[in-house]
$ cat protein_19.cif   # mmCIF, C-alpha atoms
data_query
loop_
_atom_site.label_atom_id
_atom_site.label_comp_id
_atom_site.auth_asym_id
_atom_site.auth_seq_id
_atom_site.Cartn_x
_atom_site.Cartn_y
_atom_site.Cartn_z
CA MET X 83 -56.11 4.71 50.37
CA SER X 84 -54.44 7.92 49.15
CA LEU X 85 -52.21 7.93 46.09
CA LYS X 86 -49.37 9.25 48.26
CA ALA X 87 -49.61 6.16 50.47
CA LEU X 88 -49.23 4.09 47.29
CA GLY X 89 -45.98 5.87 46.40
CA PHE X 90 -47.29 8.71 44.21
CA ASP X 91 -44.44 11.18 44.75
CA GLU X 92 -43.23 14.37 43.07
CA HIS X 93 -41.67 12.43 40.18
CA PHE X 94 -45.00 10.89 39.22
CA ARG X 95 -46.95 14.11 39.85
CA LYS X 96 -44.80 15.87 37.26
CA CYS X 97 -45.16 12.98 34.80
CA PHE X 98 -48.93 12.93 35.27
CA ALA X 99 -49.52 16.68 34.93
CA PRO X 100 -50.18 16.65 31.12
CA TYR X 101 -52.71 13.81 31.51
CA LYS X 102 -54.46 15.52 34.43
CA GLU X 103 -55.16 18.49 32.15
CA LYS X 104 -56.97 16.09 29.81
CA GLY X 105 -59.28 14.91 32.60
CA LEU X 106 -57.57 11.56 33.16
CA PHE X 107 -56.89 9.93 36.54
CA ALA X 108 -53.70 8.46 38.01
CA GLY X 109 -53.64 4.89 39.24
CA ARG X 110 -51.20 2.17 40.22
CA VAL X 111 -51.22 -1.39 38.90
CA VAL X 112 -51.56 -3.70 41.92
CA ARG X 113 -52.36 -6.95 40.14
CA GLU X 114 -51.48 -8.29 36.71
CA GLU X 115 -52.88 -11.44 35.16
CA SER X 116 -53.37 -12.31 31.45
CA ASN X 117 -53.58 -8.68 30.21
CA ILE X 118 -56.21 -7.85 32.83
CA TYR X 119 -55.09 -5.38 35.47
CA ARG X 120 -56.32 -4.30 38.86
CA VAL X 121 -55.59 -0.63 39.39
CA ILE X 122 -56.08 1.55 42.48
CA SER X 123 -57.01 5.18 41.85
CA GLU X 124 -59.05 7.94 43.49
CA HIS X 125 -62.09 5.90 42.41
CA GLY X 126 -60.95 2.88 44.40
CA GLU X 127 -59.91 -0.42 42.86
CA LEU X 128 -60.80 -0.78 39.17
CA ARG X 129 -60.60 -3.53 36.59
CA ALA X 130 -58.56 -2.13 33.72
CA THR X 131 -57.50 -3.03 30.20
CA VAL X 132 -55.10 -1.35 27.80
CA SER X 133 -56.58 1.20 25.41
CA GLY X 134 -56.56 0.40 21.70
CA ARG X 135 -54.18 3.29 20.98
CA LEU X 136 -51.63 2.15 23.56
CA TRP X 137 -51.93 -1.43 22.31
CA TYR X 138 -51.41 -0.36 18.70
CA HIS X 139 -48.35 1.82 19.38
CA ALA X 140 -46.59 -0.59 21.76
CA GLU X 141 -43.65 -2.11 19.88
CA ALA X 142 -42.53 -4.46 22.67
CA ARG X 143 -44.02 -6.32 25.62
CA SER X 144 -42.10 -4.02 27.95
CA GLU X 145 -44.23 -1.11 26.71
CA PHE X 146 -47.34 -2.66 28.29
CA PRO X 147 -48.21 -2.05 31.96
CA ALA X 148 -46.43 -4.10 34.60
CA ILE X 149 -47.05 -4.64 38.30
CA GLY X 150 -46.07 -1.46 40.18
CA ASP X 151 -46.57 0.86 37.20
CA TRP X 152 -48.28 4.23 37.57
CA VAL X 153 -50.69 4.79 34.70
CA ALA X 154 -53.06 7.41 33.27
CA LEU X 155 -56.65 6.16 33.29
CA ARG X 156 -59.89 6.92 31.51
CA VAL X 157 -62.41 5.82 34.14
CA ILE X 158 -65.80 4.28 33.33
CA GLU X 159 -67.47 4.84 36.71
CA ALA X 160 -70.78 3.16 35.94
CA GLU X 161 -69.00 -0.15 35.20
CA ASN X 162 -66.19 0.18 37.79
CA LYS X 163 -63.74 -0.20 34.90
CA ALA X 164 -60.97 1.84 33.29
CA LYS X 165 -58.85 2.07 30.18
CA ILE X 166 -55.10 2.47 30.60
CA VAL X 167 -54.17 5.29 28.25
CA ALA X 168 -50.49 5.74 29.12
CA ILE X 169 -47.73 4.49 31.41
CA LEU X 170 -45.89 7.12 33.45
CA ASP X 171 -42.09 7.14 33.28
CA ARG X 172 -40.70 4.38 35.49
CA LYS X 173 -38.28 5.19 38.33
CA SER X 174 -36.94 1.63 38.33
CA CYS X 175 -37.57 -1.58 36.46
CA PHE X 176 -36.48 -5.12 37.33
CA SER X 177 -36.62 -7.35 34.27
CA ARG X 178 -35.12 -10.46 32.73
CA LYS X 179 -34.89 -11.93 29.28
CA GLU X 180 -38.08 -13.80 28.48
CA ALA X 181 -37.75 -17.56 28.84
CA GLY X 182 -37.04 -19.44 25.61
CA THR X 183 -35.12 -18.49 22.50
CA VAL X 184 -36.72 -15.10 21.82
CA THR X 185 -34.69 -11.98 22.64
CA ARG X 186 -37.36 -10.05 24.48
CA GLU X 187 -37.55 -8.24 27.81
CA GLN X 188 -39.96 -9.40 30.51
CA ILE X 189 -40.64 -6.90 33.27
CA ILE X 190 -41.01 -8.48 36.70
CA ALA X 191 -41.75 -5.32 38.73
CA ALA X 192 -41.70 -1.57 38.14
CA ASN X 193 -41.12 1.44 40.41
CA VAL X 194 -39.53 -0.63 43.17
CA ASP X 195 -37.38 1.06 45.82
CA VAL X 196 -35.85 -2.11 47.29
CA LEU X 197 -35.50 -5.54 45.74
CA PHE X 198 -35.47 -8.44 48.20
CA ILE X 199 -33.54 -11.30 46.60
CA VAL X 200 -34.80 -14.32 48.52
CA THR X 201 -32.93 -17.60 48.71
CA GLY X 202 -33.51 -20.55 51.01
CA LEU X 203 -30.95 -21.83 53.50
CA ASP X 204 -31.86 -25.39 52.58
CA ARG X 205 -30.76 -27.14 49.39
CA ASP X 206 -31.85 -24.09 47.36
CA PHE X 207 -28.89 -22.04 48.61
CA ASN X 208 -26.75 -21.22 45.58
CA VAL X 209 -24.34 -18.26 45.49
CA ARG X 210 -23.91 -18.48 41.71
CA ARG X 211 -27.64 -17.96 41.21
CA LEU X 212 -27.51 -15.15 43.75
CA GLU X 213 -24.87 -13.44 41.61
CA ARG X 214 -27.21 -13.58 38.59
CA TYR X 215 -29.98 -11.88 40.57
CA LEU X 216 -27.58 -9.21 41.80
CA LEU X 217 -26.40 -8.56 38.24
CA LEU X 218 -29.99 -8.05 37.05
CA CYS X 219 -30.73 -5.84 40.05
CA SER X 220 -27.69 -3.63 39.39
CA ASN X 221 -29.33 -2.49 36.15
CA SER X 222 -32.81 -1.99 37.61
CA GLY X 223 -32.50 1.23 39.61
CA ALA X 224 -33.66 -0.54 42.81
CA ASN X 225 -31.55 -1.18 45.91
CA PRO X 226 -30.81 -4.88 46.51
CA VAL X 227 -31.17 -6.68 49.83
CA VAL X 228 -30.31 -10.39 50.13
CA VAL X 229 -32.80 -12.31 52.27
CA LEU X 230 -31.69 -15.74 53.51
CA ASN X 231 -34.94 -17.47 54.47
CA LYS X 232 -35.39 -20.67 56.51
CA SER X 233 -32.72 -19.79 59.07
CA ASP X 234 -34.56 -22.18 61.41
CA LEU X 235 -33.13 -25.08 59.36
CA CYS X 236 -29.50 -24.16 60.13
CA HIS X 237 -27.41 -24.49 63.26
CA ASP X 238 -25.40 -21.42 64.25
CA GLU X 239 -22.10 -22.38 62.61
CA GLU X 240 -23.75 -23.34 59.30
CA LEU X 241 -25.80 -20.12 59.33
CA MET X 242 -22.73 -17.93 59.81
CA THR X 243 -20.90 -19.78 57.02
CA LYS X 244 -23.73 -19.19 54.54
CA ILE X 245 -24.10 -15.55 55.57
CA GLY X 246 -20.37 -15.16 54.89
CA GLU X 247 -20.70 -16.79 51.46
CA ALA X 248 -23.62 -14.50 50.57
CA ARG X 249 -21.72 -11.40 51.69
CA ALA X 250 -18.67 -12.47 49.68
CA CYS X 251 -20.68 -12.55 46.44
CA ALA X 252 -22.68 -9.43 47.32
CA PRO X 253 -20.10 -6.90 48.57
CA GLY X 254 -21.76 -3.83 50.06
CA THR X 255 -25.24 -5.38 49.90
CA PRO X 256 -27.23 -5.98 53.13
CA VAL X 257 -27.68 -9.69 53.94
CA ILE X 258 -30.58 -10.55 56.25
CA PRO X 259 -31.18 -14.05 57.71
CA VAL X 260 -34.88 -14.60 58.42
CA SER X 261 -37.33 -17.36 59.21
CA ALA X 262 -40.84 -16.88 57.85
CA LEU X 263 -41.89 -19.92 59.88
CA GLU X 264 -40.70 -18.54 63.21
CA GLY X 265 -41.11 -14.84 62.34
CA SER X 266 -37.49 -14.00 63.17
CA GLY X 267 -35.58 -11.33 61.23
CA LEU X 268 -38.73 -9.78 59.72
CA GLU X 269 -38.16 -6.49 61.55
CA SER X 270 -34.93 -6.07 59.56
CA MET X 271 -36.90 -6.34 56.31
CA GLN X 272 -39.51 -3.87 57.54
CA LEU X 273 -36.82 -1.21 58.01
CA TYR X 274 -36.66 -0.95 54.21
CA LEU X 275 -40.44 -0.66 53.83
CA GLU X 276 -41.42 2.69 55.26
CA LYS X 277 -44.80 4.18 54.38
CA GLY X 278 -45.03 4.76 50.63
CA GLN X 279 -41.90 2.69 49.92
CA THR X 280 -42.20 -0.27 47.55
CA GLY X 281 -40.33 -3.55 47.85
CA ALA X 282 -40.46 -6.66 45.68
CA LEU X 283 -39.68 -10.28 46.48
CA VAL X 284 -37.86 -12.24 43.79
CA GLY X 285 -36.36 -15.70 43.88
CA SER X 286 -36.81 -19.29 42.79
CA SER X 287 -39.83 -21.46 43.54
CA GLY X 288 -39.66 -22.92 47.04
CA VAL X 289 -37.55 -20.21 48.73
CA GLY X 290 -40.53 -19.10 50.83
CA LYS X 291 -41.64 -15.81 49.23
CA SER X 292 -45.33 -16.51 49.85
CA ALA X 293 -44.60 -17.48 53.47
CA LEU X 294 -42.71 -14.20 53.91
CA ILE X 295 -45.65 -12.23 52.49
CA ASN X 296 -48.02 -13.93 54.93
CA ALA X 297 -45.66 -13.29 57.85
CA LEU X 298 -45.21 -9.60 56.98
CA LEU X 299 -48.94 -9.10 56.39
CA GLY X 300 -49.83 -10.93 59.59
CA ARG X 301 -52.44 -13.04 57.84
CA GLU X 302 -52.72 -15.97 55.43
CA CYS X 303 -53.00 -14.26 52.07
CA GLN X 304 -50.82 -16.37 49.76
CA LEU X 305 -50.82 -20.13 49.31
CA VAL X 306 -47.69 -21.85 50.61
CA GLY X 307 -46.39 -24.92 48.77
CA GLU X 308 -44.33 -27.88 49.83
CA VAL X 309 -40.69 -28.39 48.83
CA ARG X 310 -39.88 -31.75 47.23
CA GLU X 311 -37.61 -33.97 49.31
CA ALA X 312 -35.93 -35.42 46.21
CA ASP X 313 -34.32 -32.22 44.94
CA GLY X 314 -35.32 -29.46 47.34
CA ARG X 315 -37.25 -27.61 44.61
CA GLY X 316 -40.59 -25.95 45.17
CA ARG X 317 -43.75 -25.70 43.12
CA HIS X 318 -45.29 -22.47 41.82
CA THR X 319 -47.89 -21.43 44.41
CA THR X 320 -48.04 -17.80 43.22
CA THR X 321 -49.48 -17.67 39.68
CA HIS X 322 -49.68 -13.91 39.19
CA ARG X 323 -47.95 -10.74 40.33
CA GLU X 324 -49.59 -8.69 43.05
CA LEU X 325 -48.84 -5.65 45.19
CA PHE X 326 -49.79 -5.79 48.88
CA THR X 327 -50.05 -3.02 51.48
CA LEU X 328 -48.34 -3.91 54.76
CA PRO X 329 -49.82 -2.93 58.16
CA GLU X 330 -47.01 -0.38 58.72
CA GLY X 331 -47.77 1.32 55.37
CA GLY X 332 -45.04 -0.13 53.17
CA LEU X 333 -45.83 -1.85 49.88
CA LEU X 334 -44.60 -5.26 48.77
CA ILE X 335 -44.82 -7.06 45.42
CA ASP X 336 -44.94 -10.84 45.23
CA SER X 337 -44.24 -12.67 41.98
CA PRO X 338 -44.13 -16.29 40.76
CA GLY X 339 -40.86 -18.12 41.33
CA MET X 340 -38.36 -18.02 38.48
CA ARG X 341 -36.88 -21.34 37.43
CA GLU X 342 -35.07 -19.84 34.45
CA LEU X 343 -33.17 -16.62 35.10
CA GLN X 344 -31.88 -15.36 31.77
CA LEU X 345 -30.03 -12.07 31.83
CA TRP X 346 -31.40 -8.78 30.50
CA THR X 347 -28.70 -6.31 31.34
CA GLU X 348 -25.67 -4.44 30.04
CA GLU X 349 -22.03 -5.43 30.43
CA ASP X 350 -21.42 -2.24 32.44
CA SER X 351 -23.65 -3.71 35.17
CA LEU X 352 -20.84 -6.17 35.96
CA GLU X 353 -18.94 -3.27 37.52
CA LEU X 354 -21.64 -2.99 40.21
CA ALA X 355 -22.42 -6.68 40.73
CA PHE X 356 -18.70 -7.61 40.81
CA SER X 357 -17.31 -4.44 42.35
CA ASP X 358 -14.58 -6.45 44.13
CA ILE X 359 -13.17 -7.72 40.82
CA GLU X 360 -13.55 -4.34 39.13
CA GLU X 361 -11.66 -2.72 42.01
CA LEU X 362 -8.82 -5.21 41.58
CA ALA X 363 -8.79 -4.57 37.82
CA GLN X 364 -8.01 -0.88 38.46
CA ASN X 365 -4.52 -2.00 39.54
CA CYS X 366 -3.77 -4.06 36.43
CA ARG X 367 -0.75 -2.89 34.42
CA PHE X 368 -2.76 -2.61 31.19
CA ARG X 369 -6.08 -0.75 30.99
CA ASP X 370 -7.50 -3.30 28.52
CA CYS X 371 -6.36 -6.30 30.60
CA GLN X 372 -8.62 -9.34 30.06
CA HIS X 373 -7.31 -11.06 33.23
CA GLN X 374 -6.23 -14.10 31.27
CA GLY X 375 -2.58 -14.28 32.30
CA GLU X 376 -1.34 -10.89 31.06
CA PRO X 377 1.76 -9.57 32.89
CA GLY X 378 0.98 -7.30 35.82
CA CYS X 379 -2.63 -8.53 36.16
CA ALA X 380 -3.88 -7.68 39.65
CA VAL X 381 -6.86 -10.03 39.31
CA HIS X 382 -4.61 -12.99 38.44
CA GLN X 383 -2.38 -12.10 41.38
CA ALA X 384 -5.40 -12.10 43.73
CA LEU X 385 -6.37 -15.54 42.44
CA GLU X 386 -2.88 -16.87 43.13
CA GLU X 387 -2.85 -15.36 46.62
CA GLY X 388 -6.31 -16.75 47.40
CA THR X 389 -7.87 -13.34 48.14
CA LEU X 390 -10.23 -13.83 45.18
CA ALA X 391 -12.13 -17.12 44.95
CA ALA X 392 -11.61 -18.98 41.65
CA ASP X 393 -15.31 -19.92 41.36
CA ARG X 394 -16.37 -16.27 41.73
CA PHE X 395 -13.97 -15.24 38.98
CA ASP X 396 -15.23 -18.08 36.76
CA SER X 397 -18.79 -16.84 37.37
CA TYR X 398 -17.69 -13.32 36.42
CA LEU X 399 -16.24 -14.56 33.11
CA GLN X 400 -19.37 -16.61 32.35
CA LEU X 401 -21.72 -13.70 33.02
CA GLN X 402 -19.49 -11.39 30.99
CA LYS X 403 -19.79 -13.82 28.07
CA GLU X 404 -23.58 -13.95 28.46
CA THR X 405 -24.00 -10.16 28.56
CA ARG X 406 -21.88 -9.75 25.43
CA TYR X 407 -23.90 -12.41 23.62
CA LEU X 408 -27.13 -10.69 24.71
CA ALA X 409 -25.83 -7.36 23.39
CA ARG X 410 -25.18 -8.92 19.98
CA ARG X 411 -28.68 -10.46 19.94
CA GLN X 412 -30.24 -7.13 20.91
CA ASP X 413 -28.37 -5.30 18.15
CA GLN X 414 -29.52 -7.87 15.62
CA LYS X 415 -33.12 -7.64 16.87
CA ALA X 416 -33.01 -3.83 16.71
CA ARG X 417 -31.82 -3.97 13.08
CA GLN X 418 -34.56 -6.44 12.16
CA GLU X 419 -37.23 -4.31 13.84
CA GLU X 420 -35.98 -1.18 12.06
CA GLN X 421 -36.09 -2.98 8.70
CA ALA X 422 -39.59 -4.28 9.46
CA LYS X 423 -40.75 -0.77 10.38
CA TRP X 424 -39.59 0.66 7.04
CA ARG X 425 -41.20 -2.21 5.18
CA ARG X 426 -44.52 -1.36 6.87
CA ILE X 427 -44.11 2.31 5.98
CA SER X 428 -43.33 1.42 2.36
CA ARG X 429 -46.44 -0.76 2.12
CA GLN X 430 -48.60 2.04 3.56
CA ILE X 431 -47.17 4.51 1.03
CA ARG X 432 -47.88 2.12 -1.86
CA LYS X 433 -51.48 1.67 -0.67
CA MET X 434 -51.97 5.44 -0.50
CA LYS X 435 -50.67 5.80 -4.07
CA ILE X 436 -53.02 3.08 -5.31
CA ARG X 437 -56.02 4.78 -3.66
CA ARG X 438 -55.16 8.04 -5.42
#

$ encode --input "protein_19.cif" --output "structure tokens"
Amino acid sequence: MSLKALGFDEHFRKCFAPYKEKGLFAGRVVREESNIYRVISEHGELRATVSGRLWYHAEARSEFPAIGDWVALRVIEAENKAKIVAILDRKSCFSRKEAGTVTREQIIAANVDVLFIVTGLDRDFNVRRLERYLLLCSNSGANPVVVLNKSDLCHDEELMTKIGEARACAPGTPVIPVSALEGSGLESMQLYLEKGQTGALVGSSGVGKSALINALLGRECQLVGEVREADGRGRHTTTHRELFTLPEGGLLIDSPGMRELQLWTEEDSLELAFSDIEELAQNCRFRDCQHQGEPGCAVHQALEEGTLAADRFDSYLQLQKETRYLARRQDQKARQEEQAKWRRISRQIRKMKIRR
């Protein structure tokens, strides 16, 4: 497969030029599992690890390769292996805060053109969770598409109601009902996956991402798990991230389901994810209106008139609170890392003085 077919465009050619002069090769990460990478290059598929220099200079997990990354490789042909020397500048990056109490970014997929946010039309359907995905996507650089899977489980009236609810919380975003089981609606997804274009499937466990991959590939490639009757939740059947090439030439990344979706985004992203509320806010009397009962508040007026749903506004306030809290944690982490860096430098200087 040519690099162009894998999405190696003019942006990456320019980024790679300095490394090409050094005799390195370009490759794309197509599988990521426990710091071992599968990379496709002009030499075919290679097993790759991070070089010692890149490992040493990386100050955060986000500075390591991720699925979808284009990298500069030092190829060891005799062993069908490679060392990843550098990561080319990313065009887009979908990430979340790492699960747990640490304030650290976890990259889910890089260099994605379209992000398919998959939710099930069974008991998994949750517009509040959908809003969280859309907020993360708004800061990624990728174009979002909402995929409502398992349309075969809904009668027509219920399906139209849920499509309406999804569109209400995702203004301006395409909403596609599909059934991986029956194969319906897949052609609408394929429109966004032209040759050389990269998509990624994200969503909770049990929404049917693996079934969608199999349906789009036309073969059984991913394991498909059962959904529990008790709570409608699925089990992790995908244990690693992988990039697949579709028969029509598009590229699609599958990833494990996310049961904990912590935000990693900026407050400004709310303007894109909640464009309807931000548009209303432009008509508030005061520019710094907090929409908490101030006179002349257009948002409060919309709530009273019923043109803005109260639960959507409550979700907006909650996510605003979370992004502000995250910003404070990031600032604190940045200060701590800066202090730690200067402590390391000071120790190195003292050692050099002792040696002299």

$ resolve_selection --input "protein_19.cif" --expression "the PyMOL selection byres ((chain X and resi 270-285) around 7)" --output "list in words"
Lys86, Ala87, Leu88, Gly89, Val194, Asp195, Val196, Leu197, Phe198, Ile199, Val200, Thr201, Gly267, Leu268, Glu269, Ser286, Ser287, Val289, Lys291, Glu330, Gly331, Gly332, Leu333, Leu334, Ile335, Asp336, Ser337, Gly339 and Met340 of chain X

$ atom_distance --input "protein_19.cif" --atom1 "CA of Arg129 (chain X)" --atom2 "CA of Lys96 (chain X)"
25.0 Å

$ residues_around --input "protein_19.cif" --residues "Ala250 (chain X)" --least-positions-apart "5" --cutoff "10 Å" --atoms "only C-alpha atoms" --output "list in words"
Val209, Lys244, Ile245, Thr255, Asp358, Leu390, Ala391 and Arg394 of chain X

$ write_last_selection --input "protein_19.cif" --atoms "C-alpha atoms" --output "CSV table (one decimal), in the frame of the given file"
chain,number,residue,atom,x,y,z
X,209,VAL,CA,-24.3,-18.3,45.5
X,244,LYS,CA,-23.7,-19.2,54.5
X,245,ILE,CA,-24.1,-15.6,55.6
X,255,THR,CA,-25.2,-5.4,49.9
X,358,ASP,CA,-14.6,-6.4,44.1
X,390,LEU,CA,-10.2,-13.8,45.2
X,391,ALA,CA,-12.1,-17.1,45.0
X,394,ARG,CA,-16.4,-16.3,41.7

$ residues_around --input "protein_19.cif" --residues "Ile158 (chain X)" --least-positions-apart "2" --cutoff "10 Å" --atoms "all atoms listed in the file" --output "PDB file with C-alpha atoms, in the coordinates of the input"
ATOM      1  CA  HIS X 125     -62.090   5.900  42.410  1.00  0.00           C
ATOM      2  CA  LEU X 128     -60.800  -0.780  39.170  1.00  0.00           C
ATOM      3  CA  ARG X 129     -60.600  -3.530  36.590  1.00  0.00           C
ATOM      4  CA  ALA X 130     -58.560  -2.130  33.720  1.00  0.00           C
ATOM      5  CA  LEU X 155     -56.650   6.160  33.290  1.00  0.00           C
ATOM      6  CA  ARG X 156     -59.890   6.920  31.510  1.00  0.00           C
ATOM      7  CA  ALA X 160     -70.780   3.160  35.940  1.00  0.00           C
ATOM      8  CA  GLU X 161     -69.000  -0.150  35.200  1.00  0.00           C
ATOM      9  CA  ASN X 162     -66.190   0.180  37.790  1.00  0.00           C
ATOM     10  CA  LYS X 163     -63.740  -0.200  34.900  1.00  0.00           C
ATOM     11  CA  ALA X 164     -60.970   1.840  33.290  1.00  0.00           C
ATOM     12  CA  LYS X 165     -58.850   2.070  30.180  1.00  0.00           C
TER      13      LYS X 165
END

$ residues_near_point --input "protein_19.cif" --point "(-29.7, -11.4, 42.0)" --cutoff "12 Å" --atoms "all atoms listed in the file" --output "compact mmCIF listing (two decimals) with C-alpha atoms, in the frame of the given file"
# COMPACT_ATOMS: atom_id res chain seq x y z
CA PHE X 176 -36.48 -5.12 37.33
CA SER X 177 -36.62 -7.35 34.27
CA ARG X 178 -35.12 -10.46 32.73
CA LEU X 197 -35.50 -5.54 45.74
CA PHE X 198 -35.47 -8.44 48.20
CA ILE X 199 -33.54 -11.30 46.60
CA VAL X 200 -34.80 -14.32 48.52
CA THR X 201 -32.93 -17.60 48.71
CA ASN X 208 -26.75 -21.22 45.58
CA VAL X 209 -24.34 -18.26 45.49
CA ARG X 210 -23.91 -18.48 41.71
CA ARG X 211 -27.64 -17.96 41.21
CA LEU X 212 -27.51 -15.15 43.75
CA GLU X 213 -24.87 -13.44 41.61
CA ARG X 214 -27.21 -13.58 38.59
CA TYR X 215 -29.98 -11.88 40.57
CA LEU X 216 -27.58 -9.21 41.80
CA LEU X 217 -26.40 -8.56 38.24
CA LEU X 218 -29.99 -8.05 37.05
CA CYS X 219 -30.73 -5.84 40.05
CA SER X 220 -27.69 -3.63 39.39
CA ASN X 221 -29.33 -2.49 36.15
CA SER X 222 -32.81 -1.99 37.61
CA ALA X 224 -33.66 -0.54 42.81
CA ASN X 225 -31.55 -1.18 45.91
CA PRO X 226 -30.81 -4.88 46.51
CA VAL X 227 -31.17 -6.68 49.83
CA VAL X 228 -30.31 -10.39 50.13
CA VAL X 229 -32.80 -12.31 52.27
CA ALA X 248 -23.62 -14.50 50.57
CA CYS X 251 -20.68 -12.55 46.44
CA ALA X 252 -22.68 -9.43 47.32
CA THR X 255 -25.24 -5.38 49.90
CA LEU X 283 -39.68 -10.28 46.48
CA VAL X 284 -37.86 -12.24 43.79
CA GLY X 285 -36.36 -15.70 43.88
CA SER X 286 -36.81 -19.29 42.79
CA MET X 340 -38.36 -18.02 38.48
CA LEU X 343 -33.17 -16.62 35.10
CA GLN X 344 -31.88 -15.36 31.77
CA LEU X 345 -30.03 -12.07 31.83
CA TRP X 346 -31.40 -8.78 30.50
CA THR X 347 -28.70 -6.31 31.34
CA SER X 351 -23.65 -3.71 35.17
CA LEU X 352 -20.84 -6.17 35.96
CA LEU X 354 -21.64 -2.99 40.21
CA ALA X 355 -22.42 -6.68 40.73
CA PHE X 356 -18.70 -7.61 40.81

$ resolve_selection --input "protein_19.cif" --expression "the PyMOL selection byres ((chain X and resi 399) around 12)" --output "list in words"
Glu349, Leu352, Phe356, Ile359, Gln372, His373, Gln374, Ala392, Asp393, Arg394, Phe395, Asp396, Ser397, Tyr398, Gln400, Leu401, Gln402, Lys403, Glu404, Thr405 and Arg406 of chain X

$ closest_residue --input "protein_19.cif" --among "X:Leu230, X:Ala262, X:Ala384, X:Leu203" --to "Arg249 (chain X)" --atoms "only C-alpha atoms"
X:Leu230

$ atom_distance --input "protein_19.cif" --atom1 "CA of Tyr407 (chain X)" --atom2 "CA of Cys175 (chain X)"
21.7 Å

$ closest_residue --input "protein_19.cif" --among "X:Ala154, X:Leu241, X:Ala108, X:Leu299" --to "Asp91 (chain X)" --atoms "all atoms listed in the file"
X:Ala108

$ closest_residue --input "protein_19.cif" --among "X:Phe207, X:Phe368, X:Trp152, X:Phe146" --to "Ser123 (chain X)" --atoms "all atoms listed in the file"
X:Trp152

$ resolve_selection --input "protein_19.cif" --expression "the PyMOL selection byres ((chain X and resi 378) around 6)" --output "ChimeraX atom specification"
/X:366-367,377,379
